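Colleague: Contents of protein.txt (compact mmCIF, C-alpha atoms):
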```txt
# COMPACT_ATOMS: atom_id res chain seq x y z
CA MET A 759 0.00 0.00 0.00
CA ILE A 760 2.79 2.36 0.96
CA ALA A 761 4.61 1.39 -2.23
CA ILE A 762 1.54 2.28 -4.32
CA ASP A 763 1.16 5.58 -2.52
CA HIS A 764 4.77 6.34 -3.19
CA LEU A 765 4.40 5.39 -6.87
CA CYS A 766 1.32 7.61 -7.23
CA ASN A 767 3.06 10.51 -5.60
CA SER A 768 6.11 10.34 -7.82
CA LEU A 769 4.04 9.79 -10.99
CA GLY A 770 1.56 12.46 -10.02
CA THR A 771 4.22 15.12 -10.29
CA THR A 772 4.98 14.39 -13.96
CA PRO A 773 2.64 15.48 -16.75
CA LEU A 774 2.61 11.95 -18.16
CA LEU A 775 0.13 10.48 -15.68
CA TRP A 776 -2.50 13.19 -16.19
CA LEU A 777 -2.05 13.20 -19.95
CA VAL A 778 -2.75 9.46 -19.93
CA VAL A 779 -5.77 9.90 -17.65
CA THR A 780 -7.18 12.66 -19.89
CA LEU A 781 -6.67 10.77 -23.15
CA ALA A 782 -8.07 7.59 -21.61
CA ALA A 783 -11.15 9.42 -20.31
CA TYR A 784 -11.77 10.98 -23.72
CA THR A 785 -11.41 7.58 -25.42
CA ALA A 786 -13.78 6.08 -22.87
CA GLY A 787 -16.25 8.90 -23.58
CA ASN A 788 -16.15 8.16 -27.29
CA MET A 789 -16.60 4.43 -26.69
CA LEU A 790 -19.49 5.06 -24.33
CA GLN A 791 -21.25 7.28 -26.87
CA ARG A 792 -20.82 4.63 -29.53
CA ALA A 793 -22.17 2.01 -27.12
CA CYS A 794 -25.25 4.21 -26.59
CA GLY A 795 -25.91 4.20 -30.32
CA GLY A 796 -24.32 7.61 -30.85
CA VAL A 797 -26.98 9.61 -28.98
CA THR A 798 -26.15 13.30 -28.71
CA PHE A 799 -26.54 13.68 -24.96
CA ALA A 800 -23.94 10.99 -24.25
CA ASP A 801 -21.38 13.62 -25.18
CA PRO A 802 -17.81 12.24 -25.05
CA VAL A 803 -16.41 15.53 -23.77
CA LEU A 804 -18.87 15.79 -20.88
CA ILE A 805 -18.20 12.14 -20.02
CA ALA A 806 -14.44 12.74 -20.13
CA ILE A 807 -14.70 15.86 -17.95
CA THR A 808 -16.81 13.95 -15.41
CA ILE A 809 -14.38 11.01 -15.27
CA VAL A 810 -11.28 13.21 -14.94
CA ALA A 811 -12.95 15.53 -12.41
CA ALA A 812 -13.94 12.51 -10.31
CA ILE A 813 -10.37 11.18 -10.38
CA VAL A 814 -8.89 14.59 -9.53
CA VAL A 815 -11.30 15.03 -6.60
CA LEU A 816 -10.93 11.45 -5.31
CA THR A 817 -7.13 11.56 -5.38
CA ARG A 818 -7.26 14.98 -3.67
CA THR A 819 -5.16 16.45 -6.43
CA ASP A 820 -5.00 20.20 -6.64
CA TYR A 821 -6.65 21.41 -9.86
CA THR A 822 -3.63 23.57 -10.67
CA VAL A 823 -1.43 20.44 -10.57
CA TYR A 824 -3.73 18.72 -13.05
CA PHE A 825 -3.99 21.80 -15.26
CA THR A 826 -0.22 22.36 -15.33
CA ALA A 827 0.28 18.72 -16.29
CA THR A 828 -2.20 18.94 -19.20
CA GLN A 829 -1.16 22.39 -20.36
CA PHE A 830 0.00 20.93 -23.65
CA ILE A 831 -3.54 19.80 -24.52
CA ASN A 832 -4.93 23.18 -23.53
CA PHE A 833 -2.28 24.93 -25.62
CA LEU A 834 -3.60 23.22 -28.75
CA LEU A 835 -6.89 25.12 -28.37
CA GLY A 836 -5.20 28.14 -29.97
CA PRO A 837 -4.21 26.41 -33.23
CA ALA A 838 -7.54 24.53 -33.17
CA THR A 839 -9.36 27.88 -33.20
CA VAL A 840 -7.21 29.27 -36.01
CA VAL A 841 -7.81 26.14 -38.05
CA LEU A 842 -11.56 26.88 -38.11
CA ALA A 843 -10.56 29.33 -40.85
CA ILE A 844 -10.35 26.42 -43.28
CA PRO A 845 -14.00 25.27 -43.28
CA LEU A 846 -14.94 28.95 -43.10
CA ALA A 847 -12.90 29.83 -46.20
CA ARG A 848 -14.33 26.82 -48.00
CA SER A 849 -17.85 28.12 -47.51
CA ALA A 850 -16.95 31.77 -48.18
CA ARG A 851 -18.56 31.48 -51.61
CA LEU A 852 -21.87 30.81 -49.90
CA VAL A 853 -21.60 34.12 -48.04
CA LYS A 854 -21.19 36.01 -51.29
CA GLU A 855 -24.27 34.29 -52.74
CA ASN A 856 -26.44 34.87 -49.67
CA LEU A 857 -24.84 38.00 -48.28
CA ALA A 858 -27.90 39.85 -46.99
CA GLY A 859 -29.63 36.78 -45.57
CA VAL A 860 -26.57 35.31 -43.85
CA GLY A 861 -25.46 38.68 -42.52
CA LEU A 862 -28.84 39.61 -41.10
CA ALA A 863 -29.62 36.18 -39.63
CA LEU A 864 -26.16 36.01 -38.07
CA LEU A 865 -26.38 39.46 -36.53
CA VAL A 866 -29.90 39.01 -35.16
CA GLY A 867 -29.21 35.46 -33.93
CA SER A 868 -25.95 36.41 -32.24
CA VAL A 869 -27.37 39.48 -30.51
CA THR A 870 -30.47 37.53 -29.42
CA SER A 871 -28.31 34.82 -27.89
CA THR A 872 -26.13 37.30 -25.99
CA ILE A 873 -28.89 39.57 -24.70
CA SER A 874 -31.34 36.79 -23.82
CA GLY A 875 -28.56 34.80 -22.13
CA ILE A 876 -27.60 37.73 -19.89
CA GLY A 877 -31.24 38.80 -19.43
CA LEU A 878 -32.55 35.38 -18.39
CA VAL A 879 -29.74 34.82 -15.90
CA TRP A 880 -30.41 38.25 -14.42
CA LEU A 881 -34.19 37.67 -14.38
CA PHE A 882 -33.79 34.42 -12.43
CA GLY A 883 -31.53 36.11 -9.90
CA GLY A 884 -28.15 34.92 -11.14
CA SER A 885 -24.90 36.75 -10.45
CA ARG A 886 -23.05 39.01 -12.86
CA THR A 887 -20.24 36.46 -13.20
CA VAL A 888 -22.68 33.76 -14.29
CA ALA A 889 -24.39 36.16 -16.72
CA LEU A 890 -21.01 37.03 -18.27
CA SER A 891 -20.17 33.33 -18.49
CA MET A 892 -23.49 32.75 -20.28
CA ALA A 893 -23.14 35.59 -22.80
CA PRO A 894 -20.56 34.06 -25.21
CA LYS A 895 -21.68 30.42 -24.87
CA ALA A 896 -23.19 30.16 -28.39
CA ALA A 897 -19.76 30.59 -29.97
CA THR A 898 -17.68 27.52 -30.64
CA THR A 899 -16.16 26.39 -27.31
CA PRO A 900 -12.57 27.71 -27.65
CA ILE A 901 -13.78 31.16 -28.71
CA ALA A 902 -16.52 31.18 -26.07
CA ALA A 903 -14.03 30.35 -23.32
CA ALA A 904 -11.52 32.95 -24.56
CA VAL A 905 -14.18 35.69 -24.65
CA SER A 906 -15.45 34.63 -21.23
CA SER A 907 -12.06 34.96 -19.55
CA GLN A 908 -11.57 38.33 -21.20
CA ILE A 909 -14.82 39.86 -19.90
CA GLY A 910 -14.64 38.42 -16.39
CA GLY A 911 -16.67 35.25 -16.74
CA ILE A 912 -15.63 31.74 -15.66
CA PRO A 913 -14.07 30.06 -18.72
CA ALA A 914 -14.67 26.52 -17.41
CA LEU A 915 -18.36 27.29 -16.86
CA THR A 916 -18.63 28.86 -20.32
CA ALA A 917 -17.00 25.81 -21.91
CA ALA A 918 -19.48 23.51 -20.18
CA LEU A 919 -22.39 25.79 -21.14
CA ALA A 920 -21.23 25.84 -24.77
CA ILE A 921 -21.23 22.05 -24.86
CA VAL A 922 -24.59 21.61 -23.11
CA GLY A 923 -26.11 24.40 -25.23
CA GLY A 924 -24.90 22.57 -28.33
CA ILE A 925 -26.58 19.40 -27.08
CA VAL A 926 -29.86 21.28 -26.43
CA ALA A 927 -29.76 22.78 -29.93
CA ALA A 928 -28.95 19.41 -31.49
CA VAL A 929 -31.74 17.59 -29.66
CA VAL A 930 -34.60 20.05 -30.26
CA GLY A 931 -33.32 22.12 -33.20
CA ARG A 932 -34.73 20.21 -36.12
CA THR A 933 -38.15 19.61 -34.58
CA MET A 934 -38.52 23.20 -33.44
CA LEU A 935 -37.50 24.80 -36.73
CA THR A 936 -39.74 22.45 -38.69
CA ARG A 937 -42.65 23.43 -36.41
CA LEU A 938 -41.87 27.06 -37.19
CA ASN A 939 -42.22 26.17 -40.88
CA VAL A 940 -38.54 26.63 -41.56
CA ASN A 941 -37.93 23.96 -44.17
CA ASP A 942 -34.73 24.97 -45.88
CA TRP A 943 -31.43 23.23 -45.20
CA ARG A 944 -29.56 26.52 -45.45
CA ALA A 945 -31.64 28.01 -42.62
CA HIS A 946 -31.39 24.80 -40.54
CA GLY A 947 -27.61 24.67 -41.03
CA LEU A 948 -26.99 28.32 -40.24
CA ALA A 949 -29.23 28.23 -37.15
CA ALA A 950 -27.48 25.10 -35.86
CA GLY A 951 -24.05 26.68 -36.40
CA VAL A 952 -25.01 29.98 -34.77
CA ALA A 953 -26.99 28.65 -31.79
CA GLY A 954 -25.38 25.29 -31.15
CA SER A 955 -21.93 25.39 -32.80
CA GLY A 956 -20.12 22.10 -33.39
CA ILE A 957 -22.45 19.63 -31.72
CA ALA A 958 -25.65 20.88 -33.37
CA ALA A 959 -23.82 21.36 -36.67
CA ALA A 960 -22.76 17.69 -36.68
CA GLN A 961 -26.43 16.74 -36.42
CA VAL A 962 -27.25 18.72 -39.59
CA ALA A 963 -24.03 17.73 -41.35
CA GLU A 964 -24.84 14.03 -41.32
CA ARG A 965 -28.12 14.68 -43.13
CA ASN A 966 -27.35 17.24 -45.78
CA GLU A 967 -24.26 18.63 -47.49
CA LEU A 968 -25.58 22.12 -48.12
CA GLY A 969 -26.80 22.28 -44.53
CA ALA A 970 -23.33 21.22 -43.39
CA ALA A 971 -21.70 24.04 -45.36
CA PHE A 972 -24.06 26.61 -43.85
CA ALA A 973 -23.48 25.16 -40.39
CA ALA A 974 -19.71 25.57 -40.84
CA LEU A 975 -20.35 29.11 -41.96
CA GLY A 976 -22.53 29.73 -38.91
CA ILE A 977 -19.85 28.44 -36.52
CA GLY A 978 -17.03 30.50 -38.02
CA LEU A 979 -18.92 33.75 -38.49
CA ASN A 980 -20.69 33.51 -35.14
CA GLY A 981 -17.31 33.01 -33.46
CA VAL A 982 -16.19 36.36 -34.88
CA MET A 983 -19.55 37.98 -34.14
CA VAL A 984 -19.61 36.84 -30.50
CA ALA A 985 -16.02 38.01 -30.06
CA ILE A 986 -17.11 41.49 -31.18
CA VAL A 987 -20.65 41.75 -29.75
CA VAL A 988 -20.17 40.21 -26.30
CA PRO A 989 -17.27 42.41 -25.08
CA LEU A 990 -19.24 45.43 -26.34
CA VAL A 991 -22.38 44.41 -24.45
CA ALA A 992 -20.31 43.64 -21.35
CA GLN A 993 -18.74 47.09 -21.53
CA LEU A 994 -22.11 48.83 -21.96
CA TRP A 995 -23.54 46.86 -19.06
CA ARG A 996 -20.78 48.05 -16.75
CA SER A 997 -21.52 51.72 -17.29
CA MET B 366 1.60 18.36 -40.65
CA ILE B 367 4.62 20.47 -39.67
CA PRO B 368 4.20 23.14 -42.40
CA ALA B 369 0.54 23.34 -41.44
CA LEU B 370 1.36 23.72 -37.76
CA LEU B 371 3.88 26.40 -38.67
CA VAL B 372 1.24 28.33 -40.62
CA LEU B 373 -1.23 28.00 -37.74
CA LEU B 374 1.22 29.08 -35.08
CA VAL B 375 2.47 32.03 -37.17
CA CYS B 376 -1.13 33.13 -37.66
CA GLU B 377 -1.82 32.74 -33.96
CA LEU B 378 1.27 34.75 -33.11
CA ALA B 379 0.26 37.50 -35.55
CA GLY B 380 -3.27 37.55 -34.11
CA ASN B 381 -2.00 37.77 -30.53
CA ALA B 382 0.44 40.53 -31.50
CA LEU B 383 -2.33 42.55 -33.15
CA HIS B 384 -4.58 41.92 -30.16
CA GLN B 385 -2.00 43.35 -27.79
CA MET B 386 -0.66 46.16 -29.92
CA LEU B 387 -4.04 47.56 -30.94
CA GLY B 388 -5.75 46.70 -27.65
CA LEU B 389 -8.59 45.03 -29.56
CA PRO B 390 -11.41 43.53 -27.46
CA VAL B 391 -11.50 40.48 -29.76
CA PRO B 392 -9.39 37.52 -28.50
CA GLY B 393 -6.14 36.82 -30.39
CA PRO B 394 -7.06 33.42 -31.86
CA VAL B 395 -10.26 34.90 -33.35
CA ILE B 396 -8.22 37.62 -35.09
CA SER B 397 -5.83 34.92 -36.32
CA MET B 398 -8.72 32.84 -37.63
CA SER B 399 -10.17 35.82 -39.50
CA ILE B 400 -6.79 36.64 -41.07
CA LEU B 401 -6.22 33.07 -42.23
CA ALA B 402 -9.81 32.74 -43.54
CA ALA B 403 -9.47 36.00 -45.48
CA VAL B 404 -6.12 34.94 -46.98
CA LEU B 405 -7.47 31.53 -47.98
CA ALA B 406 -10.75 32.86 -49.37
CA PHE B 407 -9.30 35.68 -51.45
CA ARG B 408 -6.25 33.85 -52.73
CA LYS B 409 -6.15 32.98 -56.41
CA GLY B 410 -7.83 29.64 -57.02
CA GLY B 411 -9.97 29.79 -53.91
CA ALA B 412 -9.68 27.79 -50.73
CA SER B 413 -9.03 24.43 -52.32
CA SER B 414 -6.16 25.03 -54.73
CA GLY B 415 -3.78 22.12 -54.72
CA SER B 416 -0.62 23.54 -53.14
CA PRO B 417 1.17 21.20 -50.68
CA ILE B 418 0.67 23.60 -47.78
CA THR B 419 -3.07 23.76 -48.45
CA GLY B 420 -3.26 19.97 -48.52
CA SER B 421 -1.35 19.70 -45.27
CA LEU B 422 -3.52 22.42 -43.72
CA GLU B 423 -6.71 20.63 -44.72
CA GLN B 424 -5.48 17.38 -43.15
CA THR B 425 -4.41 19.08 -39.95
CA ALA B 426 -7.70 20.96 -39.86
CA GLU B 427 -9.67 17.76 -40.11
CA THR B 428 -7.75 16.06 -37.31
CA LEU B 429 -7.79 19.06 -34.98
CA ILE B 430 -11.49 19.79 -35.55
CA ARG B 431 -12.55 16.15 -35.21
CA HIS B 432 -10.83 15.88 -31.84
CA MET B 433 -11.42 19.42 -30.67
CA GLY B 434 -13.51 18.04 -27.80
CA LEU B 435 -10.43 16.51 -26.19
CA LEU B 436 -8.84 19.95 -25.99
CA PHE B 437 -11.61 21.28 -23.73
CA VAL B 438 -11.16 18.62 -21.10
CA PRO B 439 -8.39 20.29 -19.04
CA ALA B 440 -10.32 23.58 -18.91
CA GLY B 441 -13.63 21.78 -18.34
CA VAL B 442 -12.28 19.95 -15.30
CA GLY B 443 -11.91 23.44 -13.79
CA LEU B 444 -15.66 23.18 -13.11
CA ILE B 445 -14.79 21.33 -9.89
CA ALA B 446 -13.69 24.68 -8.51
CA GLU B 447 -17.13 26.12 -9.41
CA ILE B 448 -19.37 23.51 -7.82
CA GLY B 449 -20.58 26.15 -5.36
CA VAL B 450 -21.73 28.44 -8.18
CA LEU B 451 -23.44 25.56 -9.97
CA ARG B 452 -25.25 24.55 -6.80
CA SER B 453 -26.41 28.02 -5.79
CA GLU B 454 -27.26 29.32 -9.28
CA TRP B 455 -28.52 26.22 -11.08
CA LEU B 456 -31.88 27.84 -11.90
CA PRO B 457 -30.60 31.01 -13.64
CA ILE B 458 -27.97 28.86 -15.38
CA ALA B 459 -30.51 26.35 -16.69
CA ALA B 460 -33.05 29.03 -17.65
CA GLY B 461 -30.45 31.20 -19.39
CA LEU B 462 -28.88 28.27 -21.22
CA ILE B 463 -32.06 26.64 -22.51
CA GLY B 464 -33.92 29.91 -23.13
CA SER B 465 -31.20 31.72 -25.01
CA THR B 466 -30.24 28.65 -27.07
CA LEU B 467 -33.82 28.07 -28.23
CA LEU B 468 -34.43 31.77 -28.89
CA SER B 469 -31.29 32.22 -30.95
CA LEU B 470 -31.95 28.98 -32.86
CA ALA B 471 -35.49 30.11 -33.75
CA VAL B 472 -34.53 33.69 -34.61
CA THR B 473 -31.57 32.69 -36.81
CA GLY B 474 -33.59 30.02 -38.62
CA LEU B 475 -36.60 32.29 -39.16
CA VAL B 476 -34.61 35.30 -40.41
CA MET B 477 -32.58 33.12 -42.79
CA HIS B 478 -35.72 31.37 -43.99
CA TRP B 479 -37.51 34.67 -44.50
CA SER B 480 -34.62 36.16 -46.47
CA ILE B 481 -34.31 33.04 -48.64
CA GLY B 482 -38.06 33.17 -49.24
CA ARG B 483 -37.83 36.77 -50.35
CA ARG B 484 -35.09 35.94 -52.81
CA ALA B 485 -36.86 32.84 -53.97
CA ALA B 486 -39.88 34.93 -54.83
CA ARG B 487 -37.65 36.42 -57.47
CA ARG B 488 -35.88 33.21 -58.42
CA SER B 489 -36.93 29.59 -58.39
CA SER B 490 -37.13 28.18 -54.90
CA ASP B 491 -35.15 25.25 -53.59
CA THR B 492 -36.66 24.06 -50.36
CA VAL B 493 -35.96 20.61 -49.12
CA GLN B 494 -38.74 18.11 -49.46
CA GLY B 495 -38.92 15.41 -46.86
CA LEU B 496 -37.57 17.65 -44.15
CA GLN B 497 -41.05 18.68 -43.12
CA ARG B 498 -42.16 15.11 -42.70
CA GLY B 499 -39.05 14.43 -40.66
CA GLY B 500 -37.63 12.01 -43.20
CA SER B 501 -33.87 11.93 -43.54
CA SER B 502 -34.08 12.45 -47.27
CA ARG B 503 -30.82 13.31 -48.92
CA THR B 504 -32.45 15.65 -51.39
CA ILE B 505 -30.00 18.41 -51.99
CA ALA B 506 -31.03 21.83 -53.11
CA ASN B 507 -30.82 22.15 -56.82
CA ASP B 508 -29.90 25.65 -57.82
CA CYS B 509 -27.09 26.31 -55.40
CA ASN B 510 -23.86 25.86 -57.22
```
Take the structure I supplied and represent it as structure tokens, if you would.
Modeller:
Amino acid sequence: MIAIDHLCNSLGTTPLLWLVVTLAAYTAGNMLQRACGGVTFADPVLIAITIVAAIVVLTRTDYTVYFTATQFINFLLGPATVVLAIPLARSARLVKENLAGVGLALLVGSVTSTISGIGLVWLFGGSRTVALSMAPKAATTPIAAAVSSQIGGIPALTAALAIVGGIVAAVVGRTMLTRLNVNDWRAHGLAAGVAGSGIAAAQVAERNELGAAFAALGIGLNGVMVAIVVPLVAQLWRS
Amino acid sequence: MIPALLVLLVCELAGNALHQMLGLPVPGPVISMSILAAVLAFRKGGASSGSPITGSLEQTAETLIRHMGLLFVPAGVGLIAEIGVLRSEWLPIAAGLIGSTLLSLAVTGLVMHWSIGRRAARRSSDTVQGLQRGGSSRTIANDCN
């Protein structure tokens, strides 16, 4: 027992152990989702976060120790955000063809998401920090978290909200839009990309190619829009 | 892979530099993404010209985007420090999350649909049949090339 404790202690101080735990949890999350028939709410990232968080808490590891060890993974979020330029550039032609529609829908959708997010949190008695964490959550997770930390939100909360919001949009999106008589793949794709980013977009992408292109467009453009609109709103709200 | 990573990191560096020098409220990686997207979109031959760097970029993009979820895990685990907030503010969090997601989904879809409808009144329309009945038809719009 003492030998195991000693082993854990010496391994726990190197990044290797926590990198292995994180990768293993993510793999387990993917396997679990596949085992559940690929349902959206068995999200591999949420599963991985739960597993790792449980291990960190149970082993009484300080979060900063875990985060320092897995800094390399976190570092890759930067390049992973930049790389979103590629699907965005691929669908740039679609913007030119639908300039007014895409521009207007994006602007209105993005502002609605920000204002209603802040407003609802405030209405139900939430704190300013939670409202600021809610505001950028419709953007794709790395952008949402970056904006959140910049305006004084909690990036970890925003990341979780972005994922759960994506699941909500993926689960009810198609039914709701069809009820509203929206029956065009371009509108479905754009709405999924703007409101639910990657997770909702994947739902559209597996059904229709044009919808997938508009979803990619929605994710990329909404990332930029949120990064502009949310800090502005946060600044106005302060004064 | 390496040329692609180099391009990405140079873009990220440029974006961060601009962010700091100009004091822009937009996060660095978002500026970097916009720069790279603009370069790719306006370059001769469009986004998918066959240069080796473009090919390598596309491959790297696919890998990074497919496994982007993994990259959120370290930050997401930070939620354990926020359990208190989650417990005391679960209602505003749930209401804000569900409410704003549904609202923005509906508004974006409706505005886009309305604007397409207006254009389609002038041109031939290309709605998707089968969507309304909930079928997973693979009918692809016809006049969008």
Colleague: Out of A:Val853, A:Ala927, A:Ala985, A:Leu878, which residue has the shortest atom-to-atom distance to B:Ala471 when counting only C-alpha atoms?
Modeller: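 Between A:Val853, A:Ala927, A:Ala985, A:Leu878, the residue approaching B:Ala471 most closely is A:Ala927.
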Colleague: For stretch 374-382 of chain B, please output as an MDAnalysis selection string all residues within 6 Å (counting all atoms listed in the file; exclusion window: fewer than 6 positions along the same chain).
Modeller: chainID B and resid 393:394 396:397
Colleague: Go ahead and save the residues from that selection, with C-alpha atoms, as a short mmCIF file (atom, residue, chain, number, x, y, z; two decimals), keeping the file's coordinate frame.
Modeller:
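Resulting contents of out.cif:
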```
data_model
loop_
_atom_site.label_atom_id
_atom_site.label_comp_id
_atom_site.auth_asym_id
_atom_site.auth_seq_id
_atom_site.Cartn_x
_atom_site.Cartn_y
_atom_site.Cartn_z
CA GLY B 393 -6.14 36.82 -30.39
CA PRO B 394 -7.06 33.42 -31.86
CA ILE B 396 -8.22 37.62 -35.09
CA SER B 397 -5.83 34.92 -36.32
#
```
Colleague: Show me the residues close to (-22.4, 26.3, -21.5) - anything with an atom within 12 Å, counting all atoms listed in the file - and format the list as number ranges by chain.
Modeller: A: 804, 875, 888-900, 902-903, 906, 911-927, 953-955; B: 441, 444, 451, 458-463, 465-466
Colleague: Starting from the point (-31.1, 38.0, -33.1), work out which residues of protein, DNA or RNA have an atom no more than 12 Å away when counting all atoms listed in the file; state them as a PyMOL selection string.
Modeller: (chain A and resi 860-875+949+952-953+980+983-984+987) or (chain B and resi 465-477)
Colleague: With C-alpha atoms kept, could you save the residues just selected as a compact mmCIF listing (two decimals), in the frame of the given file?
Modeller:
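Printed below is part-v1.txt as written:
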```txt
# COMPACT_ATOMS: atom_id res chain seq x y z
CA VAL A 860 -26.57 35.31 -43.85
CA GLY A 861 -25.46 38.68 -42.52
CA LEU A 862 -28.84 39.61 -41.10
CA ALA A 863 -29.62 36.18 -39.63
CA LEU A 864 -26.16 36.01 -38.07
CA LEU A 865 -26.38 39.46 -36.53
CA VAL A 866 -29.90 39.01 -35.16
CA GLY A 867 -29.21 35.46 -33.93
CA SER A 868 -25.95 36.41 -32.24
CA VAL A 869 -27.37 39.48 -30.51
CA THR A 870 -30.47 37.53 -29.42
CA SER A 871 -28.31 34.82 -27.89
CA THR A 872 -26.13 37.30 -25.99
CA ILE A 873 -28.89 39.57 -24.70
CA SER A 874 -31.34 36.79 -23.82
CA GLY A 875 -28.56 34.80 -22.13
CA ALA A 949 -29.23 28.23 -37.15
CA VAL A 952 -25.01 29.98 -34.77
CA ALA A 953 -26.99 28.65 -31.79
CA ASN A 980 -20.69 33.51 -35.14
CA MET A 983 -19.55 37.98 -34.14
CA VAL A 984 -19.61 36.84 -30.50
CA VAL A 987 -20.65 41.75 -29.75
CA SER B 465 -31.20 31.72 -25.01
CA THR B 466 -30.24 28.65 -27.07
CA LEU B 467 -33.82 28.07 -28.23
CA LEU B 468 -34.43 31.77 -28.89
CA SER B 469 -31.29 32.22 -30.95
CA LEU B 470 -31.95 28.98 -32.86
CA ALA B 471 -35.49 30.11 -33.75
CA VAL B 472 -34.53 33.69 -34.61
CA THR B 473 -31.57 32.69 -36.81
CA GLY B 474 -33.59 30.02 -38.62
CA LEU B 475 -36.60 32.29 -39.16
CA VAL B 476 -34.61 35.30 -40.41
CA MET B 477 -32.58 33.12 -42.79
```
Colleague: Measure the distance from atom CA of A:Ala970 to atom CA of A:Gly947 in Å and round it to one decimal.
Modeller: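 Atom-to-atom, atom CA of A:Ala970 to atom CA of A:Gly947, that is 6.0 Å.
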Colleague: Considering only C-alpha atoms, state which residue in the set A:Ala847, A:Ala992, A:Ala963, A:Ala958 is at the smallest distance from chain B.
Modeller: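 Residue with the minimum atom-to-atom distance to chain B: A:Ala847.
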Colleague: Between atom CA of A:Val962 and atom CA of B:Ile418, what is the distance in Å, rounded to a tenth?
Modeller: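 Going from atom CA of A:Val962 over to atom CA of B:Ile418 covers 29.5 Å.
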Colleague: Pick from B:Met386, B:Val391, B:Met366, B:Leu371: nearest to chain A, with only C-alpha atoms counted?
Modeller: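 Comparing B:Met386, B:Val391, B:Met366, B:Leu371 against chain A, the winner is B:Val391.
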Colleague: Which value, in Å to one decimal, gives the distance between atom CA of B:Pro390 and atom CA of A:Gln993?
Modeller: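 For atom CA of B:Pro390 relative to atom CA of A:Gln993, the distance reads 10.1 Å.
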Colleague: I need the residue nearest B:Ile448 from this list: A:Asn966, A:Gln829, A:Val815, A:Asp820. Use all atoms listed in the file for the distance.
Modeller: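 Answer, going by the shortest atom-to-atom distance: A:Val815.
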Colleague: Box time for stretch 799-807 of chain A: axis-aligned, enclosing all its listed atoms, 3 Å extra on each side; report centre and edge lengths in Å to one decimal, as AutoDock Vina command-line options.
Modeller:
```
--center_x -20.5 --center_y 13.4 --center_z -21.6 --size_x 18.1 --size_y 10.9 --size_z 13.2
```
Colleague: Return the single residue from A:Thr819, A:Arg851, A:Asp942, A:Gly877 that is closest to B:Ala485, with distances computed using only C-alpha atoms.
Modeller: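 With only C-alpha atoms as the atom set, the closest residue is A:Asp942.
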